[in-house]
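Okay, run.cif now, which holds mmCIF, C-alpha atoms:
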```cif
data_entry
#
loop_
_atom_site.group_PDB
_atom_site.id
_atom_site.type_symbol
_atom_site.label_atom_id
_atom_site.label_comp_id
_atom_site.auth_asym_id
_atom_site.auth_seq_id
_atom_site.Cartn_x
_atom_site.Cartn_y
_atom_site.Cartn_z
ATOM 1 C CA MET A 1 -89.548 -0.476 -119.837
ATOM 2 C CA GLU A 2 -87.082 0.558 -117.186
ATOM 3 C CA GLN A 3 -88.998 -1.362 -114.586
ATOM 4 C CA VAL A 4 -88.714 -4.535 -116.653
ATOM 5 C CA GLN A 5 -84.994 -4.034 -116.997
ATOM 6 C CA VAL A 6 -84.580 -3.516 -113.269
ATOM 7 C CA LEU A 7 -86.648 -6.603 -112.545
ATOM 8 C CA SER A 8 -84.651 -8.757 -114.946
ATOM 9 C CA LEU A 9 -81.431 -7.466 -113.428
ATOM 10 C CA PHE A 10 -82.767 -8.278 -109.986
ATOM 11 C CA PHE A 11 -83.666 -11.834 -110.976
ATOM 12 C CA GLN A 12 -80.268 -12.275 -112.588
ATOM 13 C CA LEU A 13 -78.519 -11.132 -109.430
ATOM 14 C CA GLN A 14 -80.659 -13.427 -107.302
ATOM 15 C CA GLN A 15 -79.847 -16.396 -109.503
ATOM 16 C CA GLN A 16 -76.150 -15.632 -109.385
ATOM 17 C CA SER A 17 -76.151 -15.272 -105.633
ATOM 18 C CA GLN A 18 -78.003 -18.573 -105.283
ATOM 19 C CA GLU A 19 -75.411 -20.243 -107.489
ATOM 20 C CA ILE A 20 -72.595 -18.764 -105.431
ATOM 21 C CA ALA A 21 -74.289 -19.871 -102.213
ATOM 22 C CA ALA A 22 -74.722 -23.386 -103.623
ATOM 23 C CA GLY A 23 -71.036 -23.489 -104.504
ATOM 24 C CA TYR A 24 -70.069 -22.309 -101.041
ATOM 25 C CA SER A 25 -72.300 -24.841 -99.326
ATOM 26 C CA GLU A 26 -70.830 -27.588 -101.486
ATOM 27 C CA ARG A 27 -67.326 -26.513 -100.556
ATOM 28 C CA PHE A 28 -68.380 -26.201 -96.922
ATOM 29 C CA PHE A 29 -69.803 -29.720 -96.960
ATOM 30 C CA GLU A 30 -66.596 -30.968 -98.526
ATOM 31 C CA MET A 31 -64.609 -29.182 -95.834
ATOM 32 C CA VAL A 32 -66.713 -30.558 -93.009
ATOM 33 C CA SER A 33 -67.053 -34.136 -94.183
ATOM 34 C CA GLN A 34 -63.446 -35.282 -94.593
ATOM 35 C CA VAL A 35 -60.083 -34.779 -92.958
ATOM 36 C CA SER A 36 -57.316 -33.958 -95.391
ATOM 37 C CA ALA A 37 -53.643 -33.383 -94.764
ATOM 38 C CA THR A 38 -54.263 -29.703 -95.478
ATOM 39 C CA ASN A 39 -56.229 -29.458 -92.210
ATOM 40 C CA PHE A 40 -53.196 -30.681 -90.320
ATOM 41 C CA LEU A 41 -51.002 -28.188 -92.170
ATOM 42 C CA VAL A 42 -53.333 -25.339 -91.174
ATOM 43 C CA LEU A 43 -53.336 -26.544 -87.553
ATOM 44 C CA SER A 44 -49.557 -26.706 -87.541
ATOM 45 C CA SER A 45 -49.279 -23.190 -89.007
ATOM 46 C CA ILE A 46 -51.611 -21.873 -86.275
ATOM 47 C CA LEU A 47 -49.461 -23.517 -83.585
ATOM 48 C CA PHE A 48 -46.311 -22.137 -85.223
ATOM 49 C CA VAL A 49 -47.689 -18.595 -85.235
ATOM 50 C CA ILE A 50 -48.772 -18.866 -81.588
ATOM 51 C CA GLY A 51 -45.243 -19.997 -80.729
ATOM 52 C CA VAL A 52 -43.702 -17.080 -82.617
ATOM 53 C CA ILE A 53 -46.009 -14.646 -80.806
ATOM 54 C CA GLY A 54 -44.970 -16.212 -77.511
ATOM 55 C CA VAL A 55 -41.288 -15.772 -78.323
ATOM 56 C CA LEU A 56 -41.871 -12.145 -79.319
ATOM 57 C CA THR A 57 -44.088 -11.015 -76.442
ATOM 58 C CA ARG A 58 -43.084 -12.807 -73.291
ATOM 59 C CA ARG A 59 -40.212 -11.697 -71.079
ATOM 60 C CA ASN A 60 -40.012 -14.837 -68.955
ATOM 61 C CA ILE A 61 -37.221 -16.918 -70.452
ATOM 62 C CA ILE A 62 -38.771 -20.260 -69.443
ATOM 63 C CA ILE A 63 -41.947 -19.417 -71.358
ATOM 64 C CA ILE A 64 -39.808 -18.437 -74.351
ATOM 65 C CA PHE A 65 -38.206 -21.886 -74.173
ATOM 66 C CA MET A 66 -41.618 -23.503 -74.066
ATOM 67 C CA SER A 67 -42.732 -21.458 -77.074
ATOM 68 C CA ILE A 68 -39.709 -22.780 -78.957
ATOM 69 C CA GLU A 69 -40.800 -26.307 -78.071
ATOM 70 C CA LEU A 70 -44.241 -25.406 -79.405
ATOM 71 C CA ILE A 71 -42.725 -24.247 -82.703
ATOM 72 C CA LEU A 72 -40.753 -27.479 -82.993
ATOM 73 C CA ASN A 73 -43.944 -29.471 -82.394
ATOM 74 C CA ALA A 74 -45.728 -27.548 -85.129
ATOM 75 C CA VAL A 75 -42.905 -28.510 -87.493
ATOM 76 C CA ASN A 76 -43.202 -32.141 -86.382
ATOM 77 C CA LEU A 77 -46.909 -32.138 -87.154
ATOM 78 C CA ASN A 78 -46.149 -30.728 -90.589
ATOM 79 C CA LEU A 79 -43.543 -33.416 -91.254
ATOM 80 C CA ILE A 80 -45.884 -36.213 -90.210
ATOM 81 C CA ALA A 81 -48.758 -34.873 -92.308
ATOM 82 C CA PHE A 82 -46.500 -34.807 -95.367
ATOM 83 C CA SER A 83 -45.199 -38.272 -94.503
ATOM 84 C CA ARG A 84 -48.808 -39.467 -94.514
ATOM 85 C CA TYR A 85 -49.316 -37.806 -97.877
ATOM 86 C CA TRP A 86 -46.312 -39.582 -99.364
ATOM 87 C CA GLN A 87 -47.430 -42.892 -97.858
ATOM 88 C CA GLN A 88 -50.690 -42.472 -99.672
ATOM 89 C CA GLN A 89 -48.972 -41.532 -102.926
ATOM 90 C CA GLY A 90 -46.861 -44.699 -102.746
ATOM 91 C CA ALA A 91 -43.478 -43.035 -102.535
ATOM 92 C CA PRO A 92 -40.373 -45.280 -102.261
ATOM 93 C CA ASN A 93 -39.410 -43.951 -98.799
ATOM 94 C CA PRO A 94 -42.732 -43.120 -97.092
ATOM 95 C CA TYR A 95 -41.330 -42.934 -93.561
ATOM 96 C CA THR A 96 -38.714 -40.241 -94.124
ATOM 97 C CA GLY A 97 -40.855 -37.563 -92.475
ATOM 98 C CA GLN A 98 -41.354 -39.661 -89.364
ATOM 99 C CA LEU A 99 -37.636 -40.453 -89.184
ATOM 100 C CA PHE A 100 -36.885 -36.773 -89.418
ATOM 101 C CA THR A 101 -39.378 -36.163 -86.613
ATOM 102 C CA ILE A 102 -37.351 -38.470 -84.381
ATOM 103 C CA PHE A 103 -34.244 -36.408 -85.104
ATOM 104 C CA VAL A 104 -36.164 -33.206 -84.374
ATOM 105 C CA ILE A 105 -37.281 -34.609 -81.009
ATOM 106 C CA VAL A 106 -33.691 -35.581 -80.135
ATOM 107 C CA VAL A 107 -32.353 -32.142 -81.033
ATOM 108 C CA ALA A 108 -35.191 -30.509 -79.057
ATOM 109 C CA ALA A 109 -34.263 -32.595 -76.019
ATOM 110 C CA ALA A 110 -30.602 -31.589 -76.305
ATOM 111 C CA GLU A 111 -31.584 -27.946 -76.758
ATOM 112 C CA ALA A 112 -33.877 -28.028 -73.705
ATOM 113 C CA VAL A 113 -31.159 -29.598 -71.543
ATOM 114 C CA VAL A 114 -28.448 -27.112 -72.513
ATOM 115 C CA GLY A 115 -30.818 -24.137 -72.423
ATOM 116 C CA LEU A 116 -32.175 -24.977 -68.990
ATOM 117 C CA SER A 117 -28.685 -25.458 -67.568
ATOM 118 C CA ILE A 118 -27.653 -22.067 -68.985
ATOM 119 C CA LEU A 119 -30.800 -20.676 -67.351
ATOM 120 C CA LEU A 120 -29.824 -22.197 -63.988
ATOM 121 C CA ALA A 121 -26.345 -20.652 -64.173
ATOM 122 C CA LEU A 122 -27.874 -17.328 -65.219
ATOM 123 C CA TYR A 123 -30.412 -17.288 -62.407
ATOM 124 C CA ARG A 124 -27.665 -18.093 -59.920
ATOM 125 C CA ASN A 125 -25.650 -15.089 -61.067
ATOM 126 C CA ARG A 126 -28.278 -12.499 -61.979
ATOM 127 C CA GLU A 127 -31.359 -13.470 -59.919
ATOM 128 C CA THR A 128 -33.717 -12.693 -62.804
ATOM 129 C CA LEU A 129 -35.606 -14.484 -65.564
ATOM 130 C CA ALA A 130 -36.636 -11.435 -67.624
ATOM 131 C CA VAL A 131 -34.869 -11.405 -70.962
ATOM 132 C CA ASP A 132 -34.617 -7.612 -71.168
ATOM 133 C CA GLU A 133 -32.688 -7.478 -67.907
ATOM 134 C CA ILE A 134 -30.173 -10.027 -69.159
ATOM 135 C CA ASP A 135 -27.880 -7.760 -71.159
ATOM 136 C CA ILE A 136 -24.402 -9.037 -70.391
ATOM 137 C CA MET A 137 -23.560 -9.472 -74.068
ATOM 138 C CA LYS A 138 -25.174 -6.206 -75.145
ATOM 139 C CA TRP A 139 -22.760 -3.940 -76.938
ATOM 140 C CA MET B 140 -66.942 -38.460 -87.712
ATOM 141 C CA GLU B 141 -63.204 -38.224 -88.296
ATOM 142 C CA LYS B 142 -63.662 -34.574 -89.026
ATOM 143 C CA VAL B 143 -65.456 -34.003 -85.717
ATOM 144 C CA PHE B 144 -62.644 -35.797 -83.933
ATOM 145 C CA PHE B 145 -60.075 -33.685 -85.745
ATOM 146 C CA ILE B 146 -61.911 -30.463 -84.882
ATOM 147 C CA ILE B 147 -62.021 -31.410 -81.190
ATOM 148 C CA ILE B 148 -58.307 -32.249 -81.162
ATOM 149 C CA ALA B 149 -57.378 -29.128 -83.109
ATOM 150 C CA SER B 150 -59.386 -26.762 -80.929
ATOM 151 C CA LEU B 151 -58.019 -28.359 -77.764
ATOM 152 C CA SER B 152 -54.447 -28.041 -78.979
ATOM 153 C CA VAL B 153 -54.903 -24.423 -80.085
ATOM 154 C CA ALA B 154 -56.446 -23.599 -76.696
ATOM 155 C CA ALA B 155 -53.545 -25.304 -74.932
ATOM 156 C CA ALA B 156 -51.029 -23.398 -77.084
ATOM 157 C CA LEU B 157 -52.724 -20.077 -76.292
ATOM 158 C CA SER B 158 -52.666 -21.013 -72.624
ATOM 159 C CA VAL B 159 -48.918 -21.744 -72.852
ATOM 160 C CA VAL B 160 -48.260 -18.271 -74.229
ATOM 161 C CA ALA B 161 -50.782 -16.284 -72.177
ATOM 162 C CA GLN B 162 -50.523 -17.917 -68.762
ATOM 163 C CA ARG B 163 -48.913 -15.766 -66.089
ATOM 164 C CA ASN B 164 -47.724 -18.570 -63.857
ATOM 165 C CA THR B 165 -44.893 -20.508 -65.485
ATOM 166 C CA LEU B 166 -45.948 -23.797 -63.964
ATOM 167 C CA TYR B 167 -49.469 -23.544 -65.403
ATOM 168 C CA SER B 168 -48.094 -22.897 -68.859
ATOM 169 C CA ALA B 169 -45.820 -25.933 -68.497
ATOM 170 C CA PHE B 170 -48.848 -28.064 -67.655
ATOM 171 C CA SER B 171 -50.797 -26.732 -70.632
ATOM 172 C CA LEU B 172 -47.775 -27.570 -72.801
ATOM 173 C CA ILE B 173 -48.058 -31.159 -71.534
ATOM 174 C CA GLY B 174 -51.735 -31.107 -72.568
ATOM 175 C CA LEU B 175 -50.734 -29.822 -75.987
ATOM 176 C CA PHE B 176 -48.256 -32.680 -76.374
ATOM 177 C CA GLY B 177 -51.004 -35.151 -75.502
ATOM 178 C CA CYS B 178 -53.315 -33.636 -78.126
ATOM 179 C CA LEU B 179 -50.543 -33.778 -80.723
ATOM 180 C CA ALA B 180 -49.893 -37.424 -79.867
ATOM 181 C CA VAL B 181 -53.557 -38.156 -80.626
ATOM 182 C CA ALA B 182 -53.201 -36.250 -83.910
ATOM 183 C CA TYR B 183 -50.168 -38.391 -84.788
ATOM 184 C CA ILE B 184 -52.215 -41.528 -84.129
ATOM 185 C CA THR B 185 -54.880 -40.287 -86.546
ATOM 186 C CA LEU B 186 -52.057 -39.771 -89.055
ATOM 187 C CA GLN B 187 -51.022 -43.431 -88.511
ATOM 188 C CA ALA B 188 -47.680 -42.522 -86.952
ATOM 189 C CA HIS B 189 -47.968 -44.793 -83.930
ATOM 190 C CA LEU B 190 -44.312 -44.933 -82.933
ATOM 191 C CA ILE B 191 -43.976 -41.160 -83.092
ATOM 192 C CA ALA B 192 -47.076 -40.783 -80.899
ATOM 193 C CA ALA B 193 -45.526 -43.082 -78.287
ATOM 194 C CA ILE B 194 -42.221 -41.197 -78.473
ATOM 195 C CA GLN B 195 -44.108 -37.917 -78.150
ATOM 196 C CA VAL B 196 -45.737 -39.047 -74.919
ATOM 197 C CA ILE B 197 -42.666 -40.744 -73.453
ATOM 198 C CA VAL B 198 -39.903 -38.336 -74.446
ATOM 199 C CA TYR B 199 -41.669 -34.988 -74.731
ATOM 200 C CA ALA B 200 -44.429 -35.162 -72.119
ATOM 201 C CA GLY B 201 -42.472 -37.565 -69.947
ATOM 202 C CA ALA B 202 -38.847 -36.467 -70.016
ATOM 203 C CA ILE B 203 -38.477 -32.961 -71.410
ATOM 204 C CA MET B 204 -41.460 -31.520 -69.555
ATOM 205 C CA VAL B 205 -40.328 -33.145 -66.310
ATOM 206 C CA LEU B 206 -37.047 -31.307 -66.826
ATOM 207 C CA PHE B 207 -38.921 -28.037 -67.376
ATOM 208 C CA VAL B 208 -41.126 -28.493 -64.305
ATOM 209 C CA PHE B 209 -38.084 -29.510 -62.267
ATOM 210 C CA VAL B 210 -36.219 -26.342 -63.246
ATOM 211 C CA ILE B 211 -39.281 -24.146 -62.579
ATOM 212 C CA MET B 212 -39.689 -25.627 -59.120
ATOM 213 C CA LEU B 213 -35.947 -25.459 -58.451
ATOM 214 C CA LEU B 214 -35.771 -21.751 -59.248
ATOM 215 C CA ASN B 215 -38.799 -21.077 -57.020
ATOM 216 C CA ILE B 216 -39.701 -17.804 -58.728
ATOM 217 C CA ARG B 217 -41.236 -15.181 -56.488
ATOM 218 C CA GLU B 218 -44.699 -13.775 -57.036
ATOM 219 C CA GLU B 219 -43.479 -10.229 -57.660
ATOM 220 C CA GLU B 220 -41.275 -11.368 -60.481
ATOM 221 C CA LEU B 221 -44.215 -13.078 -62.140
ATOM 222 C CA ARG B 222 -46.351 -9.977 -61.823
ATOM 223 C CA VAL B 223 -43.762 -7.795 -63.553
ATOM 224 C CA ASP B 224 -44.281 -9.721 -66.806
ATOM 225 C CA ARG B 225 -46.233 -7.115 -68.808
ATOM 226 C CA ASN B 226 -46.795 -7.560 -72.507
ATOM 227 C CA ARG B 227 -45.839 -4.230 -73.981
ATOM 228 C CA LEU B 228 -45.053 -5.738 -77.368
ATOM 229 C CA LEU B 229 -48.452 -7.410 -77.715
ATOM 230 C CA ILE B 230 -49.751 -4.585 -79.926
ATOM 231 C CA PHE B 231 -47.058 -5.235 -82.504
ATOM 232 C CA SER B 232 -46.547 -8.949 -82.288
ATOM 233 C CA VAL B 233 -50.159 -10.130 -82.602
ATOM 234 C CA PRO B 234 -50.774 -8.327 -85.947
ATOM 235 C CA LEU B 235 -47.364 -9.497 -87.142
ATOM 236 C CA GLY B 236 -48.254 -13.044 -86.134
ATOM 237 C CA GLY B 237 -51.559 -12.709 -87.960
ATOM 238 C CA LEU B 238 -49.662 -11.519 -91.002
ATOM 239 C CA LEU B 239 -47.344 -14.516 -90.776
ATOM 240 C CA PHE B 240 -50.308 -16.865 -90.544
ATOM 241 C CA GLY B 241 -51.881 -15.092 -93.519
ATOM 242 C CA LEU B 242 -48.724 -15.624 -95.545
ATOM 243 C CA ILE B 243 -48.546 -19.319 -94.653
ATOM 244 C CA TYR B 244 -52.242 -19.774 -95.310
ATOM 245 C CA PHE B 245 -51.920 -18.009 -98.662
ATOM 246 C CA GLY B 246 -49.370 -20.656 -99.601
ATOM 247 C CA LEU B 247 -51.545 -23.476 -98.270
ATOM 248 C CA LYS B 248 -54.800 -22.313 -99.804
ATOM 249 C CA ASN B 249 -54.242 -23.669 -103.287
ATOM 250 C CA PHE B 250 -52.489 -26.759 -101.986
ATOM 251 C CA LYS B 251 -55.117 -29.459 -102.057
ATOM 252 C CA ILE B 252 -54.302 -32.856 -100.644
ATOM 253 C CA ASP B 253 -56.731 -35.728 -100.936
ATOM 254 C CA GLU B 254 -58.464 -37.484 -98.110
ATOM 255 C CA ILE B 255 -56.239 -39.602 -95.934
ATOM 256 C CA LYS B 256 -57.109 -43.257 -95.746
ATOM 257 C CA GLY B 257 -55.857 -46.718 -96.524
ATOM 258 C CA ALA B 258 -52.091 -46.357 -96.406
ATOM 259 C CA PRO B 259 -49.265 -48.166 -94.557
ATOM 260 C CA VAL B 260 -48.753 -47.528 -90.872
ATOM 261 C CA GLY B 261 -45.669 -46.047 -89.220
ATOM 262 C CA THR B 262 -44.930 -48.920 -86.874
ATOM 263 C CA SER B 263 -41.658 -49.357 -85.025
ATOM 264 C CA GLU B 264 -40.616 -51.990 -87.554
ATOM 265 C CA ALA B 265 -41.001 -49.644 -90.520
ATOM 266 C CA ILE B 266 -39.301 -46.750 -88.731
ATOM 267 C CA GLY B 267 -36.505 -48.955 -87.413
ATOM 268 C CA GLN B 268 -35.678 -50.336 -90.833
ATOM 269 C CA GLY B 269 -35.200 -46.821 -92.141
ATOM 270 C CA LEU B 270 -33.324 -45.715 -89.040
ATOM 271 C CA PHE B 271 -30.799 -48.569 -89.077
ATOM 272 C CA SER B 272 -30.158 -48.794 -92.795
ATOM 273 C CA LYS B 273 -30.371 -45.577 -94.759
ATOM 274 C CA TYR B 274 -30.153 -43.112 -91.886
ATOM 275 C CA LEU B 275 -27.632 -44.992 -89.749
ATOM 276 C CA LEU B 276 -24.972 -42.262 -89.807
ATOM 277 C CA PRO B 277 -27.305 -39.434 -88.670
ATOM 278 C CA PHE B 278 -28.616 -41.772 -85.961
ATOM 279 C CA GLU B 279 -25.104 -42.353 -84.621
ATOM 280 C CA VAL B 280 -24.231 -38.660 -84.867
ATOM 281 C CA THR B 281 -27.363 -38.000 -82.799
ATOM 282 C CA SER B 282 -25.920 -40.091 -79.965
ATOM 283 C CA ILE B 283 -22.781 -37.926 -80.021
ATOM 284 C CA LEU B 284 -25.029 -34.842 -79.869
ATOM 285 C CA ILE B 285 -26.789 -36.200 -76.787
ATOM 286 C CA LEU B 286 -23.450 -36.978 -75.141
ATOM 287 C CA LEU B 287 -22.305 -33.421 -75.823
ATOM 288 C CA ALA B 288 -25.557 -32.065 -74.373
ATOM 289 C CA ILE B 289 -25.087 -34.118 -71.189
ATOM 290 C CA VAL B 290 -21.486 -32.955 -70.710
ATOM 291 C CA GLY B 291 -22.382 -29.360 -71.557
ATOM 292 C CA SER B 292 -25.300 -29.241 -69.122
ATOM 293 C CA VAL B 293 -23.186 -30.707 -66.318
ATOM 294 C CA VAL B 294 -20.444 -28.144 -66.950
ATOM 295 C CA LEU B 295 -22.892 -25.239 -67.178
ATOM 296 C CA ALA B 296 -25.091 -26.084 -64.212
ATOM 297 C CA ARG B 297 -22.229 -26.985 -61.872
ATOM 298 C CA ARG B 298 -21.705 -24.583 -59.005
ATOM 299 C CA GLU B 299 -18.221 -23.083 -59.246
ATOM 300 C CA LYS B 300 -16.551 -24.329 -56.106
ATOM 301 C CA ASP B 301 -13.365 -22.214 -55.957
ATOM 302 C CA GLY B 302 -14.856 -18.741 -56.110
ATOM 303 C CA ASP B 303 -17.828 -19.174 -53.794
ATOM 304 C CA ILE B 304 -16.092 -21.092 -51.027
ATOM 305 C CA GLU B 305 -13.002 -18.854 -51.023
ATOM 306 C CA ASP B 306 -15.221 -15.806 -50.742
ATOM 307 C CA ILE B 307 -17.083 -17.310 -47.805
ATOM 308 C CA GLU B 308 -13.846 -18.320 -46.110
ATOM 309 C CA ASP B 309 -12.404 -14.854 -46.634
ATOM 310 C CA ASP B 310 -15.487 -13.310 -45.066
ATOM 311 C CA GLU B 311 -15.244 -15.631 -42.086
ATOM 312 C CA GLN B 312 -11.572 -14.807 -41.626
ATOM 313 C CA VAL B 313 -12.315 -11.095 -41.774
ATOM 314 C CA VAL B 314 -15.019 -11.515 -39.160
ATOM 315 C CA LYS B 315 -12.689 -13.521 -36.928
ATOM 316 C CA VAL B 316 -9.919 -10.942 -37.306
ATOM 317 C CA SER B 317 -12.273 -8.097 -36.518
ATOM 318 C CA MET B 318 -13.611 -9.959 -33.473
ATOM 319 C CA ALA B 319 -10.058 -10.547 -32.264
ATOM 320 C CA GLU B 320 -9.208 -6.901 -32.718
ATOM 321 C CA LYS B 321 -12.312 -5.844 -30.840
ATOM 322 C CA SER B 322 -11.490 -8.125 -27.946
ATOM 323 C CA LYS B 323 -7.900 -6.781 -27.925
ATOM 324 C CA VAL B 324 -9.187 -3.213 -27.871
ATOM 325 C CA GLU B 325 -11.521 -4.043 -25.015
ATOM 326 C CA GLU B 326 -8.678 -5.704 -23.115
ATOM 327 C CA THR B 327 -6.460 -2.648 -23.497
ATOM 328 C CA LYS B 328 -9.293 -0.410 -22.324
ATOM 329 C CA GLU B 329 -9.729 -2.457 -19.222
#
```

Final structure tokens representation of the file:
Amino acid sequence: MEQVQVLSLFFQLQQQSQEIAAGYSERFFEMVSQVSATNFLVLSSILFVIGVIGVLTRRNIIIIFMSIELILNAVNLNLIAFSRYWQQQGAPNPYTGQLFTIFVIVVAAAEAVVGLSILLALYRNRETLAVDEIDIMKW
Amino acid sequence: MEKVFFIIIASLSVAAALSVVAQRNTLYSAFSLIGLFGCLAVAYITLQAHLIAAIQVIVYAGAIMVLFVFVIMLLNIREEELRVDRNRLLIFSVPLGGLLFGLIYFGLKNFKIDEIKGAPVGTSEAIGQGLFSKYLLPFEVTSILILLAIVGSVVLARREKDGDIEDIEDDEQVVKVSMAEKSKVEETKE
């Protein structure tokens, strides 16, 4: 009697696991077969996190600048993916995300110019690029 | 097929981003950032944002990165200074970054967007109509921002003439005076 119960339980478990596996494979096939805007959002979040890690870990100030550019590019990718989404949904202003991307690029250019000129002045005075040795404004 | 293309582009751009952060030589990381911008331009083309892809290549990879490479080569950083760059904070920042990605992904997980196909294209005409009608004021303000950036960078990067040259001249005068004194002393000895 106990053996029968154990066997039935076993078969039940096997069936359930097969169902779960079928569901997963279906989802996997769905994931593999088509590109959705969510993929671009995940890519942009990965790039954003890599940029944040770069800002936190590196001491070289030029690489910190480049990580900031990376973060801004991740945001641009996000904006364009959502712009694509709204184009598909038939929104009244489908290009707003792309317009905003242009503004982001302009502000990034201005930021890079001013930041690099500050860096030049700093290197001329302090002869270093490590951010933890630049402590003029430290209280 | 599109998915394969996307996976190639995504893995290339993630590899380039990791190379930007992990590379020891600053110039190499600048070049991998240029590669990343190229990959992102291709991603923008797959998202039908053609004008933005062109701007990405021309402005980002063309202008901003040239500025970066120019500054890196101008500073001419020594090898020792590059070798000092040790990542002591890596132990903390990588788990924190993973946590941040987990948080973002937790938000994205239930956010399902349909497949992308068959929608209007972001040509220069479509972008320009938005830029010169509804968003005209921000566009003009942007030009003022660029003007301010130009003036600010010129003021910041200019070598301060008064201080440096006066110092040098003072030094030269001191040297001359000391030489004259020496010669006088020698004359009196003789």

Excluding Ile105 of chain A and any residue of its chain fewer than 4 positions from it, enumerate the residues within 12 Å of it, using all atoms listed in the file, and give them as an NGL selection string. (:A and (69-77 or 98-101 or 109-112)) or (:B and (191-192 or 194-200 or 202-203 or 281 or 285))

When distances are computed from all atoms listed in the file, which of B:Leu238, B:Leu286, B:Val160, B:Leu190 shows the smallest separation from chain A?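 Checking each of B:Leu238, B:Leu286, B:Val160, B:Leu190 against chain A, counting all atoms listed in the file, the winner is B:Val160.
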
Atom CA of Cys178 of chain B and atom CA of Phe207 of chain B, how far apart in Å?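 Atom-to-atom, atom CA of Phe207 of chain B and atom CA of Cys178 of chain B are spaced 18.8 Å apart.
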
Name every residue that the PyMOL selection byres ((chain B and resi 189) around 12) selects in this structure, writing the answer as a list in words with chains first and numbers rising.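 Checked against the file, the PyMOL selection byres ((chain B and resi 189) around 12) matches Ile80, Arg84, Tyr95 and Gln98 of chain A; Leu179, Ala180, Val181, Ala182, Tyr183, Ile184, Thr185, Leu186, Gln187, Ala188, Leu190, Ile191, Ala192, Ala193, Ile194, Gln195, Val196, Pro259, Val260, Gly261, Thr262, Ser263, Glu264, Ala265 and Ile266 of chain B.
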
Nearby residues (only C-alpha atoms) at most 10 Å from Ala296 of chain B, same-chain spacing under 6 positions excluded, as JSON, numbers by chain: {"A": [114, 116, 117, 118, 119, 120, 121, 122, 124]}

Next, write the just-selected residues to a file, as a PDB file, in the coordinates of the input, keeping C-alpha atoms as the atom set.
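Output file out07.pdb is given in full below:
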```pdb
ATOM      1  CA  VAL A 114     -28.448 -27.112 -72.513  1.00  0.00           C
ATOM      2  CA  LEU A 116     -32.175 -24.977 -68.990  1.00  0.00           C
ATOM      3  CA  SER A 117     -28.685 -25.458 -67.568  1.00  0.00           C
ATOM      4  CA  ILE A 118     -27.653 -22.067 -68.985  1.00  0.00           C
ATOM      5  CA  LEU A 119     -30.800 -20.676 -67.351  1.00  0.00           C
ATOM      6  CA  LEU A 120     -29.824 -22.197 -63.988  1.00  0.00           C
ATOM      7  CA  ALA A 121     -26.345 -20.652 -64.173  1.00  0.00           C
ATOM      8  CA  LEU A 122     -27.874 -17.328 -65.219  1.00  0.00           C
ATOM      9  CA  ARG A 124     -27.665 -18.093 -59.920  1.00  0.00           C
TER      10      ARG A 124
END
```

Which of these residues is nearest to chain A, using all atoms listed in the file: B:Asn215, B:Asn249, B:Asn164, B:Ser232?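 When distances to chain A are compared using all atoms listed in the file, the smallest one comes from B:Ser232.
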
Spell out the residues picked by the PyMOL selection byres ((chain B and resi 165) around 12) here, as a PyMOL selection string. (chain A and resi 58-67+129) or (chain B and resi 158-164+166-172+207-212+214-218+220-222+224)

Ranking A:Thr57, A:Ser45, A:Ser8, A:Gln3 by minimum distance to Leu242 of chain B and counting only C-alpha atoms, which one comes first?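 When distances to Leu242 of chain B are compared using only C-alpha atoms, the smallest one comes from A:Ser45.
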
Which residues are close to Ile243 of chain B, i.e. within 12 Å by all atoms listed in the file, leaving aside same-chain residues fewer than 4 positions away? Reply as a PyMOL selection string. (chain A and resi 38+41-49) or (chain B and resi 236-239+247-250)

Which one is closest to Ala155 of chain B: B:Leu175, B:Val205, B:Leu270, B:Leu295? Count only C-alpha atoms.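 Comparing B:Leu175, B:Val205, B:Leu270, B:Leu295 against Ala155 of chain B, the winner is B:Leu175.
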
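Proximity of B:Ser292, B:Gly246, B:Gly267, B:Gly174 to chain A, computed with all atoms listed in the file, is greatest for B:Ser292.
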
Quick one: distance from atom CA of Trp86 of chain A to atom CA of Val52 of chain A in Å, one decimal?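 The value is 28.2 Å.
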
Selected residue, from A:Met1, A:Gly54, A:Leu13, A:Gln18, that lies nearest to chain B when counting only C-alpha atoms: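 So, comparing all the options, the nearest one is A:Gly54.
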
Once 6 Å is added on each side, what centre and edge lengths in Å to one decimal does the axis-aligned box around all listed atoms of segment 102-110 of chain A have, as AutoDock Vina command-line options?
```
--center_x -34.0 --center_y -34.5 --center_z -80.6 --size_x 18.7 --size_y 20.0 --size_z 21.1
```

Taken to one decimal, the atom CA of Leu157 of chain B-atom CA of Glu127 of chain A distance is 27.7 Å
